[in-house]
$ cat upload-v1.cif   # mmCIF, C-alpha atoms
data_run
#
loop_
_atom_site.label_atom_id
_atom_site.label_comp_id
_atom_site.auth_asym_id
_atom_site.auth_seq_id
_atom_site.Cartn_x
_atom_site.Cartn_y
_atom_site.Cartn_z
CA MET A 1148 103.85 -84.88 -22.09
CA SER A 1149 101.58 -81.91 -22.76
CA GLN A 1150 97.93 -82.28 -23.67
CA THR A 1151 98.52 -80.74 -27.09
CA LEU A 1152 101.36 -83.11 -27.89
CA THR A 1153 99.31 -86.11 -26.77
CA THR A 1154 96.40 -85.04 -28.96
CA THR A 1155 98.67 -84.38 -31.93
CA HIS A 1156 100.15 -87.88 -31.73
CA THR A 1157 96.79 -89.61 -31.41
CA ASP A 1158 95.99 -92.51 -33.72
CA ALA A 1159 92.73 -90.90 -34.78
CA GLN A 1160 91.33 -93.95 -36.56
CA THR A 1161 91.87 -96.28 -33.60
CA VAL A 1162 90.53 -93.80 -31.04
CA GLN A 1163 87.46 -92.97 -33.11
CA ALA A 1164 86.54 -96.61 -33.67
CA THR A 1165 86.91 -97.34 -29.96
CA LEU A 1166 84.83 -94.34 -28.91
CA ARG A 1167 82.03 -95.44 -31.21
CA GLN A 1168 82.03 -98.90 -29.62
CA LEU A 1169 81.70 -97.39 -26.14
CA ALA A 1170 79.23 -94.64 -27.02
CA PRO A 1171 75.84 -96.41 -27.54
CA LYS A 1172 73.30 -95.49 -24.88
CA TRP A 1173 73.25 -97.64 -21.72
CA THR A 1174 76.63 -99.24 -22.50
CA THR A 1175 78.43 -97.48 -19.65
CA ALA A 1176 75.52 -98.01 -17.26
CA PHE A 1177 75.37 -101.75 -18.07
CA VAL A 1178 79.13 -102.13 -17.54
CA HIS A 1179 78.90 -100.39 -14.15
CA THR A 1180 75.84 -102.44 -13.14
CA ILE A 1181 77.46 -105.81 -13.89
CA ALA A 1182 80.65 -104.69 -12.12
CA LYS A 1183 78.70 -103.61 -9.03
CA TYR A 1184 75.99 -106.28 -8.76
CA GLY A 1185 77.55 -109.17 -10.72
CA PRO A 1186 79.85 -110.79 -11.51
CA GLU A 1187 77.04 -112.19 -13.71
CA LEU A 1188 73.55 -110.91 -14.55
CA ARG A 1189 70.81 -112.40 -16.67
CA VAL A 1190 68.78 -110.23 -19.03
CA ARG A 1191 65.79 -110.29 -16.66
CA ASP A 1192 68.02 -109.17 -13.76
CA PHE A 1193 68.58 -105.78 -15.39
CA GLY A 1194 64.91 -104.95 -14.90
CA GLN A 1195 65.34 -104.16 -11.20
CA TYR A 1196 68.05 -101.61 -12.01
CA PHE A 1197 66.51 -100.23 -15.24
CA PRO A 1198 62.73 -100.61 -14.82
CA THR A 1199 61.95 -98.46 -17.87
CA LEU A 1200 63.81 -100.80 -20.25
CA SER A 1201 62.12 -103.84 -21.75
CA GLN A 1202 63.84 -107.21 -21.74
CA THR A 1203 63.85 -107.16 -25.54
CA TYR A 1204 65.69 -103.84 -25.66
CA THR A 1205 68.08 -104.91 -22.91
CA SER A 1206 68.85 -108.12 -24.78
CA LYS A 1207 69.62 -106.18 -27.97
CA ARG A 1208 71.93 -103.79 -26.14
CA LEU A 1209 73.80 -106.67 -24.49
CA THR A 1210 74.14 -108.41 -27.86
CA THR A 1211 75.73 -105.25 -29.28
CA MET A 1212 78.06 -105.07 -26.28
CA SER A 1213 78.97 -108.71 -26.84
CA THR A 1214 79.91 -107.89 -30.44
CA ALA A 1215 82.17 -105.13 -29.08
CA ALA A 1216 83.80 -107.72 -26.76
CA LEU A 1217 82.60 -105.94 -23.61
CA VAL A 1218 80.42 -108.76 -22.27
CA THR A 1219 80.25 -112.50 -22.83
CA ARG A 1220 78.20 -115.50 -21.70
CA ASP A 1221 78.10 -119.28 -22.01
CA GLU A 1222 74.99 -119.62 -24.16
CA GLN A 1223 75.84 -122.80 -26.04
CA PHE A 1224 73.42 -124.87 -23.97
CA ASP A 1225 71.40 -122.12 -22.25
CA ARG A 1226 69.89 -119.21 -24.14
CA THR A 1227 69.15 -117.47 -20.83
CA ALA A 1228 72.75 -117.72 -19.58
CA PRO A 1229 73.94 -114.68 -17.61
CA TYR A 1230 76.28 -112.05 -19.00
CA ARG A 1231 79.62 -111.19 -17.43
CA LEU A 1232 82.23 -108.56 -18.20
CA THR A 1233 85.19 -109.45 -20.40
CA ASP A 1234 88.72 -108.55 -19.39
CA ARG A 1235 88.45 -105.79 -21.99
CA ALA A 1236 85.54 -104.25 -20.09
CA ARG A 1237 86.99 -104.84 -16.61
CA THR A 1238 89.98 -102.65 -17.52
CA LEU A 1239 87.90 -99.66 -18.66
CA GLY A 1240 88.60 -97.76 -15.44
CA PRO A 1241 91.26 -95.35 -16.81
CA VAL A 1242 89.11 -94.55 -19.85
CA TYR A 1243 86.01 -93.85 -17.76
CA ARG A 1244 87.99 -91.76 -15.27
CA ALA A 1245 89.48 -89.63 -18.05
CA LEU A 1246 86.06 -89.08 -19.64
CA ALA A 1247 84.42 -88.24 -16.30
CA GLN A 1248 87.18 -85.79 -15.40
CA TRP A 1249 87.06 -84.08 -18.80
CA SER A 1250 83.27 -83.80 -18.58
CA SER A 1251 83.39 -82.44 -15.04
CA ASP A 1252 86.03 -79.84 -15.90
CA HIS A 1253 84.81 -78.59 -19.28
CA LEU A 1254 81.16 -79.40 -20.02
CA ASP A 1255 78.26 -77.32 -18.83
CA HIS A 1256 75.22 -79.56 -18.35
CA THR A 1257 72.61 -80.45 -15.78
CA PRO A 1258 73.72 -82.66 -12.87
CA GLN A 1259 73.68 -86.38 -13.59
CA GLY A 1260 75.24 -89.60 -12.33
CA ARG A 1261 78.74 -90.73 -13.26
CA SER A 1262 77.51 -93.16 -15.93
CA GLY A 1263 75.35 -90.46 -17.50
CA ARG A 1264 78.24 -87.99 -17.48
CA ILE A 1265 80.52 -90.49 -19.20
CA GLU A 1266 77.90 -91.40 -21.81
CA ASP A 1267 77.27 -87.70 -22.47
CA ALA A 1268 80.99 -87.19 -23.08
CA LEU A 1269 81.13 -90.23 -25.38
CA HIS A 1270 78.09 -88.96 -27.30
CA ARG A 1271 79.94 -85.71 -28.03
CA LEU A 1272 83.12 -87.47 -29.15
CA GLN A 1273 81.84 -90.45 -31.16
CA LEU A 1274 80.85 -88.60 -34.35
CA VAL A 1275 82.87 -89.82 -37.34
CA ASP A 1276 86.04 -87.76 -37.98
CA THR A 1277 85.73 -85.86 -34.69
CA THR A 1278 89.03 -87.23 -33.40
CA GLU A 1279 90.82 -86.41 -36.66
CA VAL A 1280 89.48 -82.84 -36.68
CA VAL A 1281 90.64 -82.35 -33.08
CA ARG A 1282 94.05 -83.75 -33.98
CA LEU A 1283 94.43 -81.46 -37.00
CA LEU A 1284 93.33 -78.32 -35.15
CA SER A 1285 95.61 -79.23 -32.25
CA ALA A 1286 98.55 -79.37 -34.67
CA ARG A 1287 97.64 -76.39 -36.89
CA GLY A 1288 95.94 -74.03 -34.41
CA SER A 1289 93.14 -73.06 -36.80
CA MET A 1290 91.91 -74.22 -40.21
CA ARG A 1291 89.25 -73.27 -42.73
CA VAL A 1292 86.50 -75.67 -43.72
CA SER A 1293 88.02 -76.27 -47.15
CA HIS A 1294 91.42 -77.17 -45.68
CA LEU A 1295 89.87 -79.49 -43.10
CA ALA A 1296 87.82 -81.21 -45.78
CA GLU A 1297 90.95 -81.74 -47.87
CA GLN A 1298 92.94 -83.14 -44.95
CA VAL A 1299 90.15 -85.40 -43.67
CA GLY A 1300 89.23 -86.53 -47.19
CA VAL A 1301 85.52 -85.67 -47.26
CA TYR A 1302 83.28 -83.16 -49.04
CA GLU A 1303 83.21 -79.62 -47.67
CA GLN A 1304 79.46 -79.82 -47.05
CA LEU A 1305 79.94 -82.93 -44.93
CA ILE A 1306 82.79 -81.54 -42.86
CA ALA A 1307 80.84 -78.30 -42.38
CA THR A 1308 77.92 -80.28 -40.95
CA ARG A 1309 80.23 -82.12 -38.58
CA LEU A 1310 81.90 -78.89 -37.49
CA ASN A 1311 78.48 -77.43 -36.69
CA ARG A 1312 77.78 -80.44 -34.47
CA MET A 1313 81.21 -80.17 -32.82
CA GLN A 1314 80.58 -76.47 -32.21
CA ALA A 1315 77.24 -77.27 -30.57
CA ASP A 1316 79.02 -79.87 -28.42
CA GLY A 1317 81.56 -77.29 -27.27
CA LEU A 1318 84.61 -78.76 -29.00
CA VAL A 1319 85.37 -76.13 -31.67
CA THR A 1320 84.57 -72.50 -32.37
CA ARG A 1321 85.19 -69.97 -35.14
CA THR A 1322 88.01 -67.47 -34.88
CA GLY A 1323 85.67 -64.71 -36.09
CA HIS A 1324 82.03 -63.96 -36.86
CA ARG A 1325 82.18 -64.27 -40.63
CA HIS A 1326 80.99 -67.41 -42.37
CA GLY A 1327 84.39 -68.26 -43.87
CA ASP A 1328 86.47 -67.69 -40.74
CA PRO A 1329 88.66 -70.63 -39.66
CA TYR A 1330 87.76 -73.02 -36.86
CA THR A 1331 89.84 -73.55 -33.75
CA LEU A 1332 89.56 -75.73 -30.64
CA THR A 1333 87.80 -74.56 -27.50
CA ASP A 1334 89.31 -75.13 -24.07
CA ALA A 1335 87.34 -78.38 -23.92
CA GLY A 1336 88.71 -79.48 -27.29
CA ARG A 1337 92.29 -78.66 -26.29
CA ALA A 1338 91.87 -80.65 -23.07
CA LEU A 1339 91.05 -83.92 -24.84
CA GLY A 1340 94.65 -85.16 -24.82
CA PRO A 1341 94.31 -87.31 -21.66
CA VAL A 1342 91.03 -88.77 -22.91
CA PHE A 1343 92.48 -89.79 -26.28
CA ALA A 1344 95.63 -91.14 -24.62
CA ALA A 1345 93.59 -93.31 -22.22
CA VAL A 1346 91.42 -94.66 -25.03
CA GLN A 1347 94.38 -95.42 -27.26
CA GLN A 1348 96.36 -97.14 -24.50
CA TRP A 1349 93.35 -99.26 -23.54
CA GLU A 1350 92.67 -100.31 -27.13
CA ASN A 1351 96.34 -101.02 -27.85
CA ARG A 1352 96.58 -103.17 -24.74
CA HIS A 1353 93.79 -105.47 -25.83
CA SER A 1354 94.36 -105.44 -29.57
CA SER A 1355 98.01 -106.44 -29.12
CA ALA A 1356 97.02 -109.23 -26.73
CA SER A 1357 94.55 -110.65 -29.25
CA LYS A 1358 96.94 -110.64 -32.19
CA VAL A 1359 98.23 -114.05 -33.23
CA LYS A 1360 101.83 -113.98 -34.32
CA VAL A 1361 102.21 -115.73 -37.64
CA PRO A 1362 105.60 -117.48 -37.80
CA THR A 1363 107.73 -117.03 -40.86
CA ALA A 1364 108.34 -120.01 -43.08
CA THR A 1365 111.06 -122.24 -41.67
CA ARG A 1366 112.67 -125.43 -42.78
CA THR A 1367 112.29 -128.42 -40.50
CA LEU A 1368 115.63 -130.03 -39.81
CA GLY A 1369 115.69 -133.76 -39.23
CA ALA A 1370 117.83 -136.75 -39.96
CA PRO A 1371 119.63 -136.56 -43.29
CA VAL A 1372 117.81 -138.25 -46.14
CA THR A 1373 119.97 -140.67 -48.06
CA GLY A 1374 119.74 -143.48 -50.54
CA ALA A 1375 116.44 -144.31 -52.20
CA ASN A 1376 114.57 -141.89 -49.89
CA ALA A 1377 116.71 -139.04 -51.15
CA ALA A 1378 115.85 -139.86 -54.75
CA ARG A 1379 112.12 -140.00 -54.02
CA THR A 1380 112.27 -136.73 -52.05
CA ALA A 1381 114.10 -134.95 -54.86
CA ALA A 1382 111.55 -136.19 -57.38
CA ALA A 1383 108.65 -134.99 -55.21
CA LEU A 1384 110.22 -131.55 -54.83
CA ARG A 1385 110.66 -131.24 -58.59
CA ARG A 1386 106.96 -132.04 -59.10
CA SER A 1387 105.78 -129.57 -56.45
CA ALA A 1388 104.59 -126.16 -57.70
CA VAL A 1389 106.45 -123.83 -55.34
CA PRO A 1390 106.03 -120.07 -55.96
CA SER A 1391 109.32 -118.45 -56.87
CA THR A 1392 108.60 -115.64 -54.37
CA LEU A 1393 109.40 -118.03 -51.54
CA PHE A 1394 113.04 -117.96 -52.50
CA SER A 1395 115.53 -115.14 -52.05
CA HIS A 1396 116.80 -115.79 -55.56
CA ALA A 1397 115.43 -117.46 -58.65
CA PRO A 1398 115.53 -121.29 -58.40
CA LEU A 1399 118.24 -122.90 -60.50
CA PRO A 1400 117.02 -124.99 -63.46
CA GLN A 1401 117.14 -128.72 -62.86
CA PRO A 1402 119.76 -130.51 -65.05
CA ARG A 1403 118.31 -132.72 -67.75
CA VAL A 1404 119.33 -136.38 -67.51
CA PRO A 1405 120.39 -137.89 -70.85
CA ALA A 1406 118.08 -140.59 -72.12
CA ALA A 1407 120.97 -143.06 -72.41
CA VAL A 1408 121.78 -142.68 -68.73
CA THR A 1409 118.12 -143.12 -67.79
CA ALA A 1410 117.87 -146.32 -69.84
CA ALA A 1411 121.09 -147.69 -68.35
CA SER A 1412 119.90 -147.07 -64.79
CA GLY A 1413 116.68 -149.08 -65.30
CA PRO A 1414 116.28 -152.68 -64.10
CA SER A 1415 117.90 -155.27 -66.33
CA ARG A 1416 115.61 -157.55 -68.27
CA SER A 1417 116.01 -161.29 -68.21
CA ARG A 1418 116.86 -162.68 -71.57
#
$ encode --input "upload-v1.cif" --output "structure tokens"
Amino acid sequence: MSQTLTTTHTDAQTVQATLRQLAPKWTTAFVHTIAKYGPELRVRDFGQYFPTLSQTYTSKRLTTMSTAALVTRDEQFDRTAPYRLTDRARTLGPVYRALAQWSSDHLDHTPQGRSGRIEDALHRLQLVDTTEVVRLLSARGSMRVSHLAEQVGVYEQLIATRLNRMQADGLVTRTGHRHGDPYTLTDAGRALGPVFAAVQQWENRHSSASKVKVPTATRTLGAPVTGANAARTAAALRRSAVPSTLFSHAPLPQPRVPAAVTAASGPSRSR
């Protein structure tokens, strides 16, 4: 599958939300540190690897990562319990490799470690609507600000501000020098297909695993109800307020029992 086709078929909303969860500063570095020096690390343990960070700041970052289901800990009885990576975080390898490769091939920046390169790439991609703009330009080739704003569903001024940021980050460029000229993707923007595909596959893998299948309403079959039990069951069903939408057709009206029959079926009185 070509890069353009992969980008065009991206679920922009899912990819964007995932990128924003992974983008906060130190997230990638903390994941790599726990993976390398763990499997568990307490907040105070991070100090030997990140001496410039306070324990308070480190604790806040780990709490945010816990909310994103990247780390977890058994803190019910110990507030200083160590953090460990979740299965969601332990399977980030393909995402990080795609980001590192894209950064290495297409971004011009000063040398930095792998974690820093990945976080730099995430910082460029996490801006709201960035993924959708890349998807639209990948499909259309080039678009004016007004058309992008209409397709994304935001004000022109807002999309123009975001395009300026994306241009500074090397993702888009204008087709000409005039103010109203359309925008198009740069080589870096067109090469984002593998990154988006890796992010979407990773998110789909874990979101589908966490979904709880809700069974459809079924009728429990048991021993047939007869005699007096059948009469009591029928009476209970008639008193129950069951929404008509639960039936494939409108429920039939219950037949009215003549008063004479009701009186005759009652217990006989001793004279």
$ closest_residue --input "upload-v1.cif" --among "A:Thr1333, A:Ser1289, A:Ser1262, A:Thr1203" --to "A:Ala1315" --atoms "only C-alpha atoms"
A:Thr1333
$ residues_around --input "upload-v1.cif" --residues "A:Pro1229" --least-positions-apart "3" --cutoff "8 Å" --atoms "only C-alpha atoms" --output "list in words"
Glu1187, Leu1188, Arg1189, Val1190, Arg1220 and Asp1221 of chain A
$ closest_residue --input "upload-v1.cif" --among "A:Arg1337, A:Arg1226, A:His1179, A:His1253" --to "A:Tyr1196" --atoms "all atoms listed in the file"
A:His1179
$ atom_distance --input "upload-v1.cif" --atom1 "atom CA of A:Ala1345" --atom2 "atom CA of A:Val1301"
27.4 Å
$ residues_around --input "upload-v1.cif" --residues "stretch 1268-1276 of chain A" --least-positions-apart "4" --cutoff "9 Å" --atoms "all atoms listed in the file" --output "PyMOL selection string"
chain A and resi 1159-1160+1163-1172+1246-1247+1249-1250+1254+1263-1264+1280-1281+1299+1306+1309+1312-1313+1316-1318
